[in-house]
file target.cif (mmCIF, C-alpha atoms)
data_model
loop_
_atom_site.group_PDB
_atom_site.id
_atom_site.type_symbol
_atom_site.label_atom_id
_atom_site.label_comp_id
_atom_site.auth_asym_id
_atom_site.auth_seq_id
_atom_site.Cartn_x
_atom_site.Cartn_y
_atom_site.Cartn_z
ATOM 1 C CA MET A 1 198.352 119.955 66.253
ATOM 2 C CA SER A 2 194.707 118.967 65.841
ATOM 3 C CA ALA A 3 191.924 121.177 67.188
ATOM 4 C CA PRO A 4 190.291 120.067 70.446
ATOM 5 C CA PRO A 5 187.024 118.175 69.907
ATOM 6 C CA LYS A 6 183.936 120.367 69.786
ATOM 7 C CA ASN A 7 181.380 120.138 72.549
ATOM 8 C CA THR A 8 178.153 118.496 71.483
ATOM 9 C CA VAL A 9 174.627 118.981 72.822
ATOM 10 C CA LEU A 10 171.900 116.430 72.132
ATOM 11 C CA ILE A 11 168.435 118.006 71.884
ATOM 12 C CA VAL A 12 165.593 115.499 72.186
ATOM 13 C CA ASP A 13 162.191 116.906 71.287
ATOM 14 C CA ASP A 14 159.399 115.909 68.925
ATOM 15 C CA SER A 15 158.667 119.596 68.339
ATOM 16 C CA ARG A 16 160.705 121.048 65.508
ATOM 17 C CA VAL A 17 160.198 124.601 66.706
ATOM 18 C CA SER A 18 161.449 123.704 70.186
ATOM 19 C CA ARG A 19 164.541 122.037 68.751
ATOM 20 C CA MET A 20 165.115 125.032 66.541
ATOM 21 C CA MET A 21 164.871 127.485 69.436
ATOM 22 C CA SER A 22 167.127 125.463 71.747
ATOM 23 C CA ARG A 23 169.680 125.154 68.968
ATOM 24 C CA GLN A 24 169.583 128.886 68.304
ATOM 25 C CA PHE A 25 170.017 129.848 71.985
ATOM 26 C CA ILE A 26 172.924 127.441 72.467
ATOM 27 C CA LEU A 27 174.695 128.597 69.304
ATOM 28 C CA ASN A 28 174.221 132.245 70.334
ATOM 29 C CA LYS A 29 176.449 131.543 73.317
ATOM 30 C CA PHE A 30 178.739 128.881 71.809
ATOM 31 C CA PRO A 31 178.727 129.291 68.011
ATOM 32 C CA ASP A 32 181.231 126.482 67.414
ATOM 33 C CA TRP A 33 179.394 123.762 69.370
ATOM 34 C CA ASP A 34 177.805 120.838 67.586
ATOM 35 C CA ILE A 35 174.093 120.248 67.994
ATOM 36 C CA VAL A 36 172.597 116.822 67.383
ATOM 37 C CA GLU A 37 168.822 116.423 67.309
ATOM 38 C CA ALA A 38 166.653 113.431 68.158
ATOM 39 C CA LEU A 39 162.878 113.291 67.781
ATOM 40 C CA THR A 40 162.095 110.614 70.371
ATOM 41 C CA GLY A 41 163.620 108.939 73.404
ATOM 42 C CA GLU A 42 164.381 105.842 71.341
ATOM 43 C CA ASP A 43 166.107 107.975 68.722
ATOM 44 C CA ALA A 44 168.204 109.669 71.444
ATOM 45 C CA ILE A 45 169.347 106.361 72.916
ATOM 46 C CA GLU A 46 170.395 105.142 69.471
ATOM 47 C CA LYS A 47 172.272 108.368 68.706
ATOM 48 C CA MET A 48 174.222 108.060 71.960
ATOM 49 C CA ASP A 49 176.078 105.104 70.364
ATOM 50 C CA SER A 50 177.901 107.528 68.089
ATOM 51 C CA ILE A 51 178.190 110.794 70.053
ATOM 52 C CA SER A 52 179.494 111.906 73.458
ATOM 53 C CA PRO A 53 177.547 115.056 74.305
ATOM 54 C CA VAL A 54 178.315 117.349 77.221
ATOM 55 C CA LEU A 55 174.578 117.908 77.697
ATOM 56 C CA VAL A 56 171.290 116.240 76.808
ATOM 57 C CA LEU A 57 168.144 118.378 76.730
ATOM 58 C CA MET A 58 165.152 116.046 76.958
ATOM 59 C CA ASP A 59 161.496 116.851 76.344
ATOM 60 C CA VAL A 60 159.036 114.782 78.410
ATOM 61 C CA ASN A 61 155.828 114.441 76.436
ATOM 62 C CA MET A 62 156.897 112.695 73.205
ATOM 63 C CA PRO A 63 155.608 109.792 71.150
ATOM 64 C CA GLY A 64 157.097 106.433 72.098
ATOM 65 C CA MET A 65 158.791 105.808 75.420
ATOM 66 C CA GLY A 66 158.679 109.466 76.529
ATOM 67 C CA GLY A 67 161.409 111.607 78.003
ATOM 68 C CA ILE A 68 161.380 110.357 81.602
ATOM 69 C CA ALA A 69 161.964 106.722 80.591
ATOM 70 C CA ALA A 70 164.644 107.754 78.089
ATOM 71 C CA ALA A 71 166.405 109.958 80.664
ATOM 72 C CA GLU A 72 166.356 107.086 83.125
ATOM 73 C CA ILE A 73 168.022 104.753 80.614
ATOM 74 C CA LEU A 74 170.644 107.357 79.700
ATOM 75 C CA ARG A 75 171.327 108.053 83.376
ATOM 76 C CA GLN A 76 171.990 104.339 83.995
ATOM 77 C CA ARG A 77 174.258 104.017 80.966
ATOM 78 C CA PHE A 78 176.072 107.338 81.398
ATOM 79 C CA PRO A 79 176.178 108.134 85.130
ATOM 80 C CA SER A 80 178.156 111.366 84.762
ATOM 81 C CA LEU A 81 176.339 112.749 81.697
ATOM 82 C CA LYS A 82 174.587 116.093 82.274
ATOM 83 C CA ILE A 83 170.906 115.551 81.408
ATOM 84 C CA SER A 84 168.129 118.090 81.825
ATOM 85 C CA LEU A 85 164.447 117.632 81.211
ATOM 86 C CA GLN A 86 163.129 120.551 79.222
ATOM 87 C CA THR A 87 159.382 120.453 79.497
ATOM 88 C CA ALA A 88 156.077 122.282 79.657
ATOM 89 C CA ASN A 89 155.015 119.761 82.287
ATOM 90 C CA ILE A 90 155.673 121.833 85.405
ATOM 91 C CA GLN A 91 153.956 119.490 87.820
ATOM 92 C CA ASP A 92 155.664 118.672 91.104
ATOM 93 C CA ALA A 93 155.288 114.993 90.166
ATOM 94 C CA THR A 94 157.500 115.552 87.102
ATOM 95 C CA ARG A 95 160.079 117.586 89.053
ATOM 96 C CA ASN A 96 160.172 114.821 91.667
ATOM 97 C CA LYS A 97 160.721 112.174 88.985
ATOM 98 C CA ALA A 98 163.584 114.250 87.557
ATOM 99 C CA ALA A 99 165.182 114.516 90.994
ATOM 100 C CA ALA A 100 164.681 110.805 91.653
ATOM 101 C CA ILE A 101 166.568 109.773 88.518
ATOM 102 C CA GLY A 102 169.217 112.446 88.982
ATOM 103 C CA VAL A 103 168.524 114.750 86.068
ATOM 104 C CA GLY A 104 167.913 118.514 85.914
ATOM 105 C CA PHE A 105 164.700 120.308 85.029
ATOM 106 C CA ILE A 106 164.005 123.443 83.027
ATOM 107 C CA GLU A 107 160.611 124.817 82.173
ATOM 108 C CA LYS A 108 159.306 125.564 78.738
ATOM 109 C CA PRO A 109 158.877 127.986 77.083
ATOM 110 C CA ILE A 110 162.506 127.800 76.169
ATOM 111 C CA ASN A 111 164.227 131.152 76.222
ATOM 112 C CA GLN A 112 167.729 132.516 76.092
ATOM 113 C CA VAL A 113 167.897 133.161 79.842
ATOM 114 C CA ARG A 114 166.932 129.613 80.807
ATOM 115 C CA ILE A 115 169.267 127.969 78.310
ATOM 116 C CA HIS A 116 172.186 130.231 79.141
ATOM 117 C CA LYS A 117 171.769 129.654 82.873
ATOM 118 C CA LEU A 118 171.971 125.923 82.228
ATOM 119 C CA LEU A 119 175.057 126.319 80.047
ATOM 120 C CA GLU A 120 176.749 128.473 82.691
ATOM 121 C CA GLU A 121 176.109 125.770 85.272
ATOM 122 C CA LEU A 122 177.606 123.278 82.841
ATOM 123 C CA GLU A 123 180.701 125.423 82.367
ATOM 124 C CA ALA A 124 181.159 125.734 86.108
ATOM 125 C CA THR A 125 181.340 121.954 86.603
ATOM 126 C CA MET B 1 122.902 117.636 87.567
ATOM 127 C CA LEU B 2 125.821 118.297 89.824
ATOM 128 C CA GLU B 3 125.601 121.516 91.777
ATOM 129 C CA LEU B 4 128.460 123.406 93.307
ATOM 130 C CA THR B 5 128.082 125.242 96.584
ATOM 131 C CA GLU B 6 129.077 128.894 96.580
ATOM 132 C CA LEU B 7 132.307 127.995 98.385
ATOM 133 C CA GLN B 8 133.141 125.210 95.898
ATOM 134 C CA HIS B 9 132.437 127.552 93.010
ATOM 135 C CA ASP B 10 134.677 130.217 94.539
ATOM 136 C CA ALA B 11 137.462 127.697 95.122
ATOM 137 C CA LEU B 12 137.176 126.359 91.580
ATOM 138 C CA VAL B 13 137.457 129.851 90.084
ATOM 139 C CA GLU B 14 140.317 130.731 92.399
ATOM 140 C CA ILE B 15 142.272 127.560 91.575
ATOM 141 C CA PHE B 16 141.768 128.020 87.835
ATOM 142 C CA ASN B 17 142.733 131.676 88.266
ATOM 143 C CA MET B 18 146.116 130.562 89.539
ATOM 144 C CA GLY B 19 146.445 128.208 86.582
ATOM 145 C CA VAL B 20 145.398 130.972 84.198
ATOM 146 C CA GLY B 21 147.960 133.332 85.730
ATOM 147 C CA ASN B 22 150.688 130.822 85.079
ATOM 148 C CA ALA B 23 149.416 130.217 81.548
ATOM 149 C CA ALA B 24 149.440 133.984 80.902
ATOM 150 C CA SER B 25 153.013 134.156 82.110
ATOM 151 C CA ALA B 26 154.001 131.269 79.789
ATOM 152 C CA MET B 27 152.186 132.865 76.857
ATOM 153 C CA SER B 28 153.811 136.215 77.573
ATOM 154 C CA SER B 29 157.222 134.583 77.615
ATOM 155 C CA ILE B 30 156.521 132.994 74.203
ATOM 156 C CA VAL B 31 155.360 136.156 72.463
ATOM 157 C CA ASN B 32 157.427 138.677 74.463
ATOM 158 C CA GLU B 33 154.555 140.932 75.370
ATOM 159 C CA GLU B 34 151.874 141.342 77.977
ATOM 160 C CA VAL B 35 149.019 138.873 77.851
ATOM 161 C CA THR B 36 145.820 139.626 79.725
ATOM 162 C CA MET B 37 143.466 136.867 80.759
ATOM 163 C CA SER B 38 139.896 137.020 82.065
ATOM 164 C CA VAL B 39 138.613 135.441 85.245
ATOM 165 C CA PRO B 40 137.386 131.940 84.330
ATOM 166 C CA THR B 41 133.647 131.557 83.864
ATOM 167 C CA ILE B 42 132.016 128.282 84.775
ATOM 168 C CA THR B 43 128.937 127.078 82.974
ATOM 169 C CA PHE B 44 127.050 123.811 82.719
ATOM 170 C CA GLN B 45 125.657 123.001 79.314
ATOM 171 C CA SER B 46 125.927 120.557 76.412
ATOM 172 C CA ARG B 47 128.910 120.673 74.072
ATOM 173 C CA ALA B 48 126.522 121.867 71.359
ATOM 174 C CA GLU B 49 125.398 124.809 73.517
ATOM 175 C CA ALA B 50 128.992 125.566 74.506
ATOM 176 C CA ALA B 51 129.920 125.656 70.813
ATOM 177 C CA SER B 52 127.019 127.949 70.069
ATOM 178 C CA ILE B 53 128.107 130.402 72.824
ATOM 179 C CA LEU B 54 131.679 130.377 71.544
ATOM 180 C CA GLY B 55 130.409 130.707 67.963
ATOM 181 C CA ASN B 56 128.597 133.913 68.941
ATOM 182 C CA LYS B 57 131.859 135.383 70.227
ATOM 183 C CA GLU B 58 134.018 134.067 67.451
ATOM 184 C CA SER B 59 132.482 133.563 64.042
ATOM 185 C CA ARG B 60 135.780 133.099 62.193
ATOM 186 C CA ARG B 61 137.356 129.695 61.662
ATOM 187 C CA ILE B 62 139.211 128.628 64.770
ATOM 188 C CA CYS B 63 142.533 126.932 65.190
ATOM 189 C CA GLY B 64 142.302 124.643 68.230
ATOM 190 C CA ILE B 65 144.979 122.717 70.057
ATOM 191 C CA SER B 66 143.581 120.155 72.451
ATOM 192 C CA GLN B 67 145.007 117.793 75.003
ATOM 193 C CA HIS B 68 143.195 115.174 77.023
ATOM 194 C CA TYR B 69 144.245 114.953 80.664
ATOM 195 C CA GLN B 70 143.547 112.146 83.070
ATOM 196 C CA GLY B 71 144.370 111.557 86.693
ATOM 197 C CA ALA B 72 142.866 113.725 89.418
ATOM 198 C CA PHE B 73 139.996 114.283 86.994
ATOM 199 C CA ASN B 74 139.579 113.787 83.262
ATOM 200 C CA THR B 75 139.262 116.796 81.021
ATOM 201 C CA ASP B 76 139.662 117.983 77.472
ATOM 202 C CA ALA B 77 141.686 121.195 77.520
ATOM 203 C CA ILE B 78 141.519 123.304 74.377
ATOM 204 C CA LEU B 79 143.426 126.425 73.377
ATOM 205 C CA MET B 80 141.775 128.371 70.558
ATOM 206 C CA PHE B 81 142.767 131.260 68.305
ATOM 207 C CA PRO B 82 141.174 132.695 65.168
ATOM 208 C CA GLU B 83 142.855 130.786 62.355
ATOM 209 C CA GLU B 84 143.913 133.994 60.595
ATOM 210 C CA LYS B 85 146.083 134.969 63.584
ATOM 211 C CA SER B 86 147.936 131.706 63.825
ATOM 212 C CA LEU B 87 150.902 132.618 61.602
ATOM 213 C CA GLU B 88 151.306 135.909 63.444
ATOM 214 C CA ILE B 89 151.532 134.052 66.763
ATOM 215 C CA VAL B 90 154.145 131.641 65.396
ATOM 216 C CA ARG B 91 156.088 134.628 64.053
ATOM 217 C CA LEU B 92 156.063 136.214 67.531
ATOM 218 C CA MET B 93 157.400 132.958 68.916
ATOM 219 C CA VAL B 94 160.252 132.269 66.523
ATOM 220 C CA GLY B 95 161.260 135.834 65.643
ATOM 221 C CA ASP B 96 162.119 137.423 62.314
ATOM 222 C CA SER B 97 165.009 135.184 61.306
ATOM 223 C CA VAL B 98 162.747 132.468 59.872
ATOM 224 C CA SER B 99 161.550 132.829 56.282
ATOM 225 C CA MET B 100 157.839 133.061 55.491
ATOM 226 C CA GLU B 101 158.009 129.743 53.677
ATOM 227 C CA GLU B 102 159.567 128.017 56.659
ATOM 228 C CA LEU B 103 157.104 129.718 58.988
ATOM 229 C CA THR B 104 154.129 128.432 57.001
ATOM 230 C CA GLU B 105 155.622 124.981 56.899
ATOM 231 C CA MET B 106 156.042 124.831 60.667
ATOM 232 C CA GLU B 107 152.769 126.591 61.570
ATOM 233 C CA GLN B 108 150.780 123.552 62.666
ATOM 234 C CA GLU B 109 153.612 121.999 64.589
ATOM 235 C CA ALA B 110 154.531 125.298 66.265
ATOM 236 C CA MET B 111 150.920 125.962 67.265
ATOM 237 C CA SER B 112 150.766 122.480 68.811
ATOM 238 C CA GLU B 113 153.852 123.276 70.863
ATOM 239 C CA ILE B 114 152.384 126.626 71.948
ATOM 240 C CA GLY B 115 149.205 124.795 73.008
ATOM 241 C CA ASN B 116 151.259 122.212 74.856
ATOM 242 C CA ILE B 117 153.125 124.902 76.806
ATOM 243 C CA ILE B 118 150.098 127.042 77.656
ATOM 244 C CA LEU B 119 147.738 124.213 78.572
ATOM 245 C CA ASN B 120 150.400 122.523 80.686
ATOM 246 C CA ALA B 121 151.185 125.813 82.432
ATOM 247 C CA CYS B 122 147.580 125.951 83.569
ATOM 248 C CA VAL B 123 147.039 122.241 84.251
ATOM 249 C CA GLY B 124 150.372 121.919 86.069
ATOM 250 C CA ILE B 125 149.255 124.428 88.693
ATOM 251 C CA LEU B 126 145.973 122.538 89.199
ATOM 252 C CA ALA B 127 147.829 119.239 89.631
ATOM 253 C CA ASN B 128 150.181 120.805 92.148
ATOM 254 C CA ILE B 129 147.343 122.366 94.123
ATOM 255 C CA PHE B 130 145.398 119.097 94.176
ATOM 256 C CA ASN B 131 148.620 117.211 94.878
ATOM 257 C CA HIS B 132 147.577 114.689 92.250
ATOM 258 C CA GLU B 133 149.184 114.089 88.876
ATOM 259 C CA LEU B 134 147.375 114.916 85.631
ATOM 260 C CA GLU B 135 148.765 113.015 82.694
ATOM 261 C CA GLY B 136 148.353 114.718 79.318
ATOM 262 C CA SER B 137 148.095 113.290 75.830
ATOM 263 C CA LEU B 138 150.147 114.663 72.966
ATOM 264 C CA PRO B 139 148.551 117.852 71.596
ATOM 265 C CA SER B 140 146.255 117.538 68.620
ATOM 266 C CA TYR B 141 145.649 120.339 66.168
ATOM 267 C CA LEU B 142 142.377 121.075 64.440
ATOM 268 C CA VAL B 143 141.028 123.930 62.347
ATOM 269 C CA GLY B 144 137.282 124.407 62.025
ATOM 270 C CA SER B 145 134.126 125.966 63.432
ATOM 271 C CA SER B 146 133.496 126.217 67.182
ATOM 272 C CA SER B 147 131.269 123.107 66.873
ATOM 273 C CA GLU B 148 134.023 121.093 65.274
ATOM 274 C CA ILE B 149 136.643 122.234 67.756
ATOM 275 C CA LEU B 150 134.492 121.545 70.844
ATOM 276 C CA GLY B 151 133.290 118.183 69.534
ATOM 277 C CA ALA B 152 129.687 119.364 69.345
ATOM 278 C CA GLU B 153 128.977 117.084 66.404
ATOM 279 C CA GLU B 154 129.957 113.905 68.198
ATOM 280 C CA LYS B 155 127.436 111.400 69.524
ATOM 281 C CA ASN B 156 127.563 112.614 73.154
ATOM 282 C CA SER B 157 127.181 116.249 72.220
ATOM 283 C CA GLN B 158 123.921 116.645 74.181
ATOM 284 C CA ASP B 159 125.414 115.368 77.459
ATOM 285 C CA THR B 160 125.988 118.086 80.021
ATOM 286 C CA VAL B 161 129.548 119.196 80.477
ATOM 287 C CA LEU B 162 131.165 121.713 82.780
ATOM 288 C CA MET B 163 132.941 124.333 80.742
ATOM 289 C CA LEU B 164 135.574 126.582 82.256
ATOM 290 C CA HIS B 165 136.136 129.313 79.778
ATOM 291 C CA ILE B 166 138.891 131.928 79.763
ATOM 292 C CA ASP B 167 139.415 134.764 77.278
ATOM 293 C CA PHE B 168 142.861 136.156 76.710
ATOM 294 C CA ALA B 169 144.342 138.943 74.650
ATOM 295 C CA LEU B 170 147.613 140.206 73.235
ATOM 296 C CA GLU B 171 146.421 143.777 72.992
ATOM 297 C CA SER B 172 149.187 145.257 70.866
ATOM 298 C CA HIS B 173 148.602 142.658 68.153
ATOM 299 C CA GLN B 174 144.829 142.561 68.590
ATOM 300 C CA ILE B 175 144.939 138.839 69.045
ATOM 301 C CA HIS B 176 142.188 137.313 71.163
ATOM 302 C CA GLY B 177 142.025 133.685 72.091
ATOM 303 C CA TYR B 178 140.185 131.273 74.333
ATOM 304 C CA VAL B 179 140.971 128.412 76.639
ATOM 305 C CA ALA B 180 138.273 125.892 77.549
ATOM 306 C CA PHE B 181 138.237 122.918 79.865
ATOM 307 C CA LEU B 182 135.425 120.437 79.304
ATOM 308 C CA LEU B 183 134.511 117.896 81.965
ATOM 309 C CA ASP B 184 131.795 115.251 81.842
ATOM 310 C CA MET B 185 129.654 114.339 84.872
ATOM 311 C CA THR B 186 132.063 111.770 86.320
ATOM 312 C CA ALA B 187 134.985 114.144 85.940
ATOM 313 C CA MET B 188 132.956 116.912 87.602
ATOM 314 C CA GLN B 189 132.364 114.690 90.631
ATOM 315 C CA ASP B 190 136.096 113.893 90.799
ATOM 316 C CA LEU B 191 136.915 117.579 90.541
ATOM 317 C CA GLN B 192 134.378 118.413 93.243
ATOM 318 C CA GLN B 193 136.036 115.865 95.526
ATOM 319 C CA HIS B 194 139.454 117.443 94.964
ATOM 320 C CA ILE B 195 138.026 120.880 95.670
ATOM 321 C CA ASP B 196 136.564 119.613 98.943
ATOM 322 C CA GLN B 197 139.955 118.178 99.909
ATOM 323 C CA TYR B 198 141.595 121.479 99.011
ATOM 324 C CA LEU B 199 139.044 123.391 101.106
ATOM 325 C CA SER B 200 139.421 121.033 104.061
ATOM 326 C CA GLY B 201 143.162 121.727 104.000
ATOM 327 C CA LEU B 202 142.468 125.447 104.359
ATOM 328 C CA THR B 203 140.465 125.207 107.573
#
call {"tool": "encode", "arguments": {"input": "target.cif", "output": "structure tokens"}}
result
Amino acid sequence: MSAPPKNTVLIVDDSRVSRMMSRQFILNKFPDWDIVEALTGEDAIEKMDSISPVLVLMDVNMPGMGGIAAAEILRQRFPSLKISLQTANIQDATRNKAAAIGVGFIEKPINQVRIHKLLEELEAT
Amino acid sequence: MLELTELQHDALVEIFNMGVGNAASAMSSIVNEEVTMSVPTITFQSRAEAASILGNKESRRICGISQHYQGAFNTDAILMFPEEKSLEIVRLMVGDSVSMEELTEMEQEAMSEIGNIILNACVGILANIFNHELEGSLPSYLVGSSSEILGAEEKNSQDTVLMLHIDFALESHQIHGYVAFLLDMTAMQDLQQHIDQYLSGLT
């Protein structure tokens, strides 16, 4: 019997250190999960052709189309995909945009507590 | 020159205080220790004079991360640390599991991300208080003297700017840093208008 497919998380962030920290916090909780990284919104959209993640963590302020536009495209293409903005931009305007396109919102700095809370919510669904 | 009334000045300091509090909390969460921040000081002077004041406090080479914001008002926001402390700050952020070689390699990029988080923590509060979005550029990283970091050698360096200046410290690591917001005359008038709106909402 083959092993069940591993869960995958797509981390979209132009900051290497942010990707590294998100990866580390996710693997602390789920060591056997796969992590795929994208550096821009465009890169994330392209990668979605070949992966089916359970969660997309999306930075907002990135070169190119930016995280809000990319999240909006992913939301339209994958209506049931769990997407969360993960951003230093804590403005109400950004939170409102996240709510309007139906994606979650977590504040940077990224830490274990914030990531684990998100993963627990994911497990509960 | 634009003049602030006592009430406007008070409101400006109070609003930036809230932003600074949030920035301190973000910084503390990055480095896992208490961060103390001063009450913001507001001064009007040229960029060259601002650089000279900062240069008197900090003679070492400075690592600066700046972001330009536009919207409610336009401003250059700059986070500054002594360059020699930069690796130590990145180490506090990423922990001990990263090798020294990797740490050095990611220093600039990690400092940009730290700047992005701290400056946005402060600016985000201002935008929410003014109920008006402030759109930020990507962070840019520069190492140099206070003049170079504050743009005091550029062609408009003698124009008057409003500088909001905040000192902060991670006492147990003896790391001191600075945050500055620079606004030109037009931006000051926009800011003044937002302060008046904020004050009118309080009465």
call {"tool": "closest_atom_pairs", "arguments": {"input": "target.cif", "of": "segment 32-108 of chain A", "to": "segment 129-153 of chain B", "cutoff": "8 Å", "atoms": "all atoms listed in the file", "output": "CSV"}}
result
residue,atom,partner,partner_atom,distance
A:Asn61,CA,B:Leu138,CA,6.7
A:Met62,CA,B:Leu138,CA,7.0
A:Pro63,CA,B:Leu138,CA,7.5
A:Gln91,CA,B:Glu133,CA,7.3
A:Ala93,CA,B:Glu133,CA,6.3
call {"tool": "axis_aligned_box", "arguments": {"input": "target.cif", "around": "segment 50-53 of chain A", "padding_each_side": "8 Å", "output": "AutoDock Vina command-line options"}}
result
--center_x 178.5 --center_y 111.3 --center_z 71.2 --size_x 17.9 --size_y 23.5 --size_z 22.2
call {"tool": "closest_residue", "arguments": {"input": "target.cif", "among": "A:Ala3, A:Ile68, A:Ile83, A:Thr8", "to": "Ser50 of chain A", "atoms": "all atoms listed in the file"}}
result
A:Thr8
call {"tool": "closest_residue", "arguments": {"input": "target.cif", "among": "A:Asp59, A:Glu72, A:Glu123, A:Asp92", "to": "Ser22 of chain A", "atoms": "only C-alpha atoms"}}
result
A:Asp59
call {"tool": "interface_residues", "arguments": {"input": "target.cif", "of": "chain A", "to": "chain B", "cutoff": "10 Å", "atoms": "all atoms listed in the file", "output": "ChimeraX atom specification"}}
result
/A:14-18,20-21,61-63,87-94,107-111
call {"tool": "resolve_selection", "arguments": {"input": "target.cif", "expression": "the PyMOL selection byres ((chain B and resi 190-196) around 8)", "output": "list in words"}}
result
Leu4, Gln8, Ala11, Leu12, Ala72, Phe73, Phe130, Thr186, Ala187, Met188, Gln189, Gln197, Tyr198, Leu199 and Ser200 of chain B
call {"tool": "write_last_selection", "arguments": {"input": "target.cif", "atoms": "C-alpha atoms", "output": "JSON list (two decimals), keeping the file's coordinate frame"}}
result
[["chain", "number", "residue", "atom", "x", "y", "z"],
["B", 4, "LEU", "CA", 128.46, 123.41, 93.31],
["B", 8, "GLN", "CA", 133.14, 125.21, 95.90],
["B", 11, "ALA", "CA", 137.46, 127.70, 95.12],
["B", 12, "LEU", "CA", 137.18, 126.36, 91.58],
["B", 72, "ALA", "CA", 142.87, 113.72, 89.42],
["B", 73, "PHE", "CA", 140.00, 114.28, 86.99],
["B", 130, "PHE", "CA", 145.40, 119.10, 94.18],
["B", 186, "THR", "CA", 132.06, 111.77, 86.32],
["B", 187, "ALA", "CA", 134.99, 114.14, 85.94],
["B", 188, "MET", "CA", 132.96, 116.91, 87.60],
["B", 189, "GLN", "CA", 132.36, 114.69, 90.63],
["B", 197, "GLN", "CA", 139.96, 118.18, 99.91],
["B", 198, "TYR", "CA", 141.60, 121.48, 99.01],
["B", 199, "LEU", "CA", 139.04, 123.39, 101.11],
["B", 200, "SER", "CA", 139.42, 121.03, 104.06]]
call {"tool": "residues_near_point", "arguments": {"input": "target.cif", "point": "(125.5, 118.1, 85.7)", "cutoff": "7 Å", "atoms": "all atoms listed in the file", "output": "JSON, numbers by chain"}}
result
{"B": [1, 2, 3, 44, 160, 161, 185]}
call {"tool": "atom_distance", "arguments": {"input": "target.cif", "atom1": "atom CA of Asn17 of chain B", "atom2": "atom CA of Gln86 of chain A"}}
result
24.9 Å
call {"tool": "resolve_selection", "arguments": {"input": "target.cif", "expression": "the PyMOL selection byres ((chain B and resi 76) around 10)", "output": "list in words"}}
result
Ser66, Gln67, His68, Tyr69, Gln70, Asn74, Thr75, Ala77, Ile78, Gly136, Ser137, Leu150, Met163, Ala180, Phe181, Leu182, Leu183 and Asp184 of chain B
call {"tool": "atom_distance", "arguments": {"input": "target.cif", "atom1": "atom CA of Glu84 of chain B", "atom2": "atom CA of Asn22 of chain B"}}
result
25.6 Å
call {"tool": "atom_distance", "arguments": {"input": "target.cif", "atom1": "atom CA of Ala51 of chain B", "atom2": "atom CA of Gly177 of chain B"}}
result
14.6 Å
call {"tool": "build_atoms", "arguments": {"input": "target.cif", "residues": "segment 93-106 of chain B", "atoms": "N, CA and C atoms", "output": "PDB file, in the frame of the given file"}}
result
ATOM      1  N   MET B  93     156.655 133.971  68.166  1.00  0.00           N
ATOM      2  CA  MET B  93     157.400 132.958  68.916  1.00  0.00           C
ATOM      3  C   MET B  93     158.816 132.774  68.374  1.00  0.00           C
ATOM      4  N   VAL B  94     158.942 132.643  67.085  1.00  0.00           N
ATOM      5  CA  VAL B  94     160.252 132.269  66.523  1.00  0.00           C
ATOM      6  C   VAL B  94     161.089 133.464  66.079  1.00  0.00           C
ATOM      7  N   GLY B  95     160.493 134.647  66.025  1.00  0.00           N
ATOM      8  CA  GLY B  95     161.260 135.834  65.643  1.00  0.00           C
ATOM      9  C   GLY B  95     161.323 136.016  64.135  1.00  0.00           C
ATOM     10  N   ASP B  96     162.109 137.020  63.725  1.00  0.00           N
ATOM     11  CA  ASP B  96     162.119 137.423  62.314  1.00  0.00           C
ATOM     12  C   ASP B  96     163.108 136.652  61.449  1.00  0.00           C
ATOM     13  N   SER B  97     163.938 135.820  62.081  1.00  0.00           N
ATOM     14  CA  SER B  97     165.009 135.184  61.306  1.00  0.00           C
ATOM     15  C   SER B  97     164.507 134.049  60.411  1.00  0.00           C
ATOM     16  N   VAL B  98     163.287 133.600  60.641  1.00  0.00           N
ATOM     17  CA  VAL B  98     162.747 132.468  59.872  1.00  0.00           C
ATOM     18  C   VAL B  98     161.987 132.999  58.654  1.00  0.00           C
ATOM     19  N   SER B  99     162.221 132.369  57.503  1.00  0.00           N
ATOM     20  CA  SER B  99     161.550 132.829  56.282  1.00  0.00           C
ATOM     21  C   SER B  99     160.052 132.525  56.344  1.00  0.00           C
ATOM     22  N   MET B 100     159.292 133.254  55.521  1.00  0.00           N
ATOM     23  CA  MET B 100     157.839 133.061  55.491  1.00  0.00           C
ATOM     24  C   MET B 100     157.485 131.630  55.090  1.00  0.00           C
ATOM     25  N   GLU B 101     158.270 131.105  54.169  1.00  0.00           N
ATOM     26  CA  GLU B 101     158.009 129.743  53.677  1.00  0.00           C
ATOM     27  C   GLU B 101     158.188 128.729  54.818  1.00  0.00           C
ATOM     28  N   GLU B 102     159.283 128.921  55.543  1.00  0.00           N
ATOM     29  CA  GLU B 102     159.567 128.017  56.659  1.00  0.00           C
ATOM     30  C   GLU B 102     158.515 128.163  57.754  1.00  0.00           C
ATOM     31  N   LEU B 103     158.106 129.411  57.963  1.00  0.00           N
ATOM     32  CA  LEU B 103     157.104 129.718  58.988  1.00  0.00           C
ATOM     33  C   LEU B 103     155.780 128.998  58.672  1.00  0.00           C
ATOM     34  N   THR B 104     155.382 129.077  57.423  1.00  0.00           N
ATOM     35  CA  THR B 104     154.129 128.432  57.001  1.00  0.00           C
ATOM     36  C   THR B 104     154.238 126.920  57.169  1.00  0.00           C
ATOM     37  N   GLU B 105     155.405 126.421  56.837  1.00  0.00           N
ATOM     38  CA  GLU B 105     155.622 124.981  56.899  1.00  0.00           C
ATOM     39  C   GLU B 105     155.544 124.474  58.350  1.00  0.00           C
ATOM     40  N   MET B 106     156.004 125.295  59.285  1.00  0.00           N
ATOM     41  CA  MET B 106     156.042 124.831  60.667  1.00  0.00           C
ATOM     42  C   MET B 106     154.829 125.287  61.492  1.00  0.00           C
TER      43      MET B 106
END
